[in-house]
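Peer 1: Quick one: structure below, then a few questions.
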Amino acid sequence: YMWLKNILDNEYRFVRNIKRTSDTIINVLENKHNNNRVLVKYLTGTADVYIQLLNIVHPNIPIVYEVMVDNDNCIIVEEYIDGITVGEVLETGLYSPDGVTKIIGEICEALYVLHNRGIVHRDIKPENIIVDKDGCVKLIDFNISRINIEKQDRDTVVLGTTGFAPPEQYGISDTDARSDIYSIGILINVMLT
């Protein structure tokens with residue numbers, strides 16, 4: 001844990017903060033030697049999903065470079081995506097049906113990979129989908145994602161974005177791949193209407 005923190009402190013410069021809460025800090029850092037940027041997350045809690053993501057290389061999922069855990073403190077270093085979120089686009093207007101088809105198709109490709117590994121994203125919304133400068137769609141922000149545990153009655157923690165999260169995510173029952181599919185349906189509706 002400390003060796004990674006030391007490398008980040010010594011080899012990278014701070015660019016900007018993206019998010020700061022009581023249990024999460026997300027910063028953009030830039031390598032002092034080659035100017036490559038990374039997203040660095042300092043989280044309190046578990047990093048099980050990010051550890052699973054270390055083994056995934058897919059064009060619609062950010063690359064996770066490193067995950068270090070010390071008790072409940074986690075450092076995650078992942079690919080920085082330079083682009084625009086679906087949420088930012090929706091501030092200026094709606095998507096065409098062809099635009100929705102492209103974005104949802106690529107998000108479904110990412111979900112196919114995640115769901116086959118037992119990962120449920122649980123926070124699919126416009127702000128968590130980014131289109132990079134090459135037009136590639138990425139599903140981002142796995143902070144409330146979880147690894148699905150079969151035969152569990154309900155999620156242990158109630159999390160999600162109101163309006164996008166399915167009913168079971170509010171403690172009624174256990175979330176699984178169907179929960180993300182529900183959120184995709186809401187997302188399609190929002191993007192078109």
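By convention in this document, the chains of the structure tokens carry letters A, B, ... by their order, each chain's residues are numbered from 1, and ligands are numbered from 1 in the order they are shown.
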Just asking: which residues within segment 7-168 of chain A are alpha helix (DSSP H) according to DSSP, as a VMD selection string?
Peer 2: chain A and resid 7 to 11 48 to 53 86 to 90 97 to 116
Peer 1: Write out as a VMD selection string which residues come within 9 Å of segment 114-127 of chain A when counting only C-alpha atoms, dropping same-chain ones fewer than 4 positions away.
Peer 2: chain A and resid 49 52 to 53 56 85 to 90 109 to 110 139 to 149 159 to 161 164 to 166 169 175 to 180 183 to 184 186 to 187 190 to 191
Peer 1: Skip segment 6-12 of chain A itself and residues of its chain fewer than 3 positions away, then list as number ranges by chain all residues within 10 Å of it, counting only C-alpha atoms.
Peer 2: A: 1-3, 15, 28-38, 40, 77
Peer 1: Between A:Ala47, A:Pro59, A:Leu39, A:Ile75, which one has atoms that come closest to Leu4 of chain A, using only C-alpha atoms?
Peer 2: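 Between A:Ala47, A:Pro59, A:Leu39, A:Ile75, the residue approaching Leu4 of chain A most closely is A:Ile75.
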Peer 1: Which residues are near Ile18 of chain A? Cut-off 8 Å, only C-alpha atoms, ignore same chain within fewer than 6 positions. Put them as a list in words.
Peer 2: Ile25, Ile26, Asn27 and Val28 of chain A
Peer 1: Take the residues from that selection and write them out as a compact mmCIF listing (two decimals), in the first residue's frame, keeping N, CA, C and O atoms.
Peer 2:
# COMPACT_ATOMS: atom_id res chain seq x y z
N ILE A 25 -12.04 9.74 -2.42
CA ILE A 25 -11.35 10.84 -3.10
C ILE A 25 -10.95 10.31 -4.47
O ILE A 25 -10.34 9.24 -4.56
N ILE A 26 -11.31 11.05 -5.52
CA ILE A 26 -10.93 10.66 -6.88
C ILE A 26 -10.19 11.82 -7.50
O ILE A 26 -10.72 12.92 -7.63
N ASN A 27 -8.93 11.55 -7.88
CA ASN A 27 -8.07 12.58 -8.46
C ASN A 27 -7.56 12.15 -9.83
O ASN A 27 -7.39 10.96 -10.10
N VAL A 28 -7.28 13.13 -10.66
CA VAL A 28 -6.56 12.90 -11.91
C VAL A 28 -5.11 13.29 -11.63
O VAL A 28 -4.84 14.39 -11.15
Peer 1: Run DSSP on the backbone and tell me which residues of segment 17-181 of chain A come out as strand (DSSP E or B); list them as JSON, numbers by chain.
Peer 2: {"A": [17, 18, 19, 20, 24, 25, 26, 27, 28, 29, 30, 31, 37, 38, 39, 40, 41, 42, 43, 44, 58, 61, 64, 65, 66, 67, 68, 69, 70, 73, 74, 75, 76, 77, 78, 79, 83, 84, 85, 119, 120, 129, 130, 131, 132, 137, 138, 139, 146, 147]}
Peer 1: Take the residues from that selection and put them in a file with C-alpha atoms, as a PDB file, in the first residue's frame.
Peer 2:
ATOM      1  CA  ASN A  17      -9.953  16.516  -8.054  1.00  0.00           C
ATOM      2  CA  ILE A  18     -13.074  14.895  -9.513  1.00  0.00           C
ATOM      3  CA  LYS A  19     -14.823  13.834  -6.317  1.00  0.00           C
ATOM      4  CA  ARG A  20     -14.364  14.192  -2.566  1.00  0.00           C
ATOM      5  CA  THR A  24     -13.931   8.633  -1.413  1.00  0.00           C
ATOM      6  CA  ILE A  25     -11.353  10.845  -3.096  1.00  0.00           C
ATOM      7  CA  ILE A  26     -10.934  10.655  -6.876  1.00  0.00           C
ATOM      8  CA  ASN A  27      -8.067  12.582  -8.462  1.00  0.00           C
ATOM      9  CA  VAL A  28      -6.562  12.898 -11.909  1.00  0.00           C
ATOM     10  CA  LEU A  29      -2.766  12.612 -11.771  1.00  0.00           C
ATOM     11  CA  GLU A  30      -0.192  13.070 -14.515  1.00  0.00           C
ATOM     12  CA  ASN A  31       3.108  11.221 -14.828  1.00  0.00           C
ATOM     13  CA  ARG A  37      -2.770  10.681 -16.971  1.00  0.00           C
ATOM     14  CA  VAL A  38      -4.363   8.207 -14.588  1.00  0.00           C
ATOM     15  CA  LEU A  39      -7.408   8.245 -12.361  1.00  0.00           C
ATOM     16  CA  VAL A  40      -6.548   7.527  -8.731  1.00  0.00           C
ATOM     17  CA  LYS A  41      -9.261   6.562  -6.264  1.00  0.00           C
ATOM     18  CA  TYR A  42      -8.754   6.536  -2.517  1.00  0.00           C
ATOM     19  CA  LEU A  43     -11.663   4.559  -1.040  1.00  0.00           C
ATOM     20  CA  THR A  44     -12.743   3.290   2.321  1.00  0.00           C
ATOM     21  CA  HIS A  58     -12.095  -4.715 -22.839  1.00  0.00           C
ATOM     22  CA  ILE A  61     -14.288  -0.945 -19.560  1.00  0.00           C
ATOM     23  CA  VAL A  64      -7.499  -1.020 -13.817  1.00  0.00           C
ATOM     24  CA  TYR A  65      -3.715  -0.829 -13.435  1.00  0.00           C
ATOM     25  CA  GLU A  66      -3.286  -1.391  -9.710  1.00  0.00           C
ATOM     26  CA  VAL A  67      -5.309  -2.089  -6.580  1.00  0.00           C
ATOM     27  CA  MET A  68      -3.785  -1.909  -3.121  1.00  0.00           C
ATOM     28  CA  VAL A  69      -5.653  -2.518   0.117  1.00  0.00           C
ATOM     29  CA  ASP A  70      -4.543  -1.770   3.672  1.00  0.00           C
ATOM     30  CA  ASN A  73      -8.191   1.805   2.892  1.00  0.00           C
ATOM     31  CA  CYS A  74      -7.904   1.203  -0.843  1.00  0.00           C
ATOM     32  CA  ILE A  75      -5.948   2.848  -3.630  1.00  0.00           C
ATOM     33  CA  ILE A  76      -7.114   2.113  -7.173  1.00  0.00           C
ATOM     34  CA  VAL A  77      -5.178   3.340 -10.198  1.00  0.00           C
ATOM     35  CA  GLU A  78      -7.096   3.134 -13.452  1.00  0.00           C
ATOM     36  CA  GLU A  79      -7.170   4.442 -16.991  1.00  0.00           C
ATOM     37  CA  GLY A  83     -14.080  12.488 -23.148  1.00  0.00           C
ATOM     38  CA  ILE A  84     -17.641  13.593 -22.494  1.00  0.00           C
ATOM     39  CA  THR A  85     -20.290  11.835 -20.426  1.00  0.00           C
ATOM     40  CA  ILE A 119     -20.078  -8.325 -11.295  1.00  0.00           C
ATOM     41  CA  VAL A 120     -23.210  -6.173 -11.018  1.00  0.00           C
ATOM     42  CA  ILE A 129     -21.007   6.504 -19.334  1.00  0.00           C
ATOM     43  CA  ILE A 130     -18.262   8.398 -21.128  1.00  0.00           C
ATOM     44  CA  VAL A 131     -17.443   8.624 -24.818  1.00  0.00           C
ATOM     45  CA  ASP A 132     -13.737   9.158 -25.434  1.00  0.00           C
ATOM     46  CA  VAL A 137     -18.023   4.222 -25.127  1.00  0.00           C
ATOM     47  CA  LYS A 138     -16.847   3.294 -21.622  1.00  0.00           C
ATOM     48  CA  LEU A 139     -18.807   2.279 -18.547  1.00  0.00           C
ATOM     49  CA  ARG A 146     -20.597  -5.742  -6.228  1.00  0.00           C
ATOM     50  CA  ILE A 147     -19.852  -9.349  -6.911  1.00  0.00           C
TER      51      ILE A 147
END
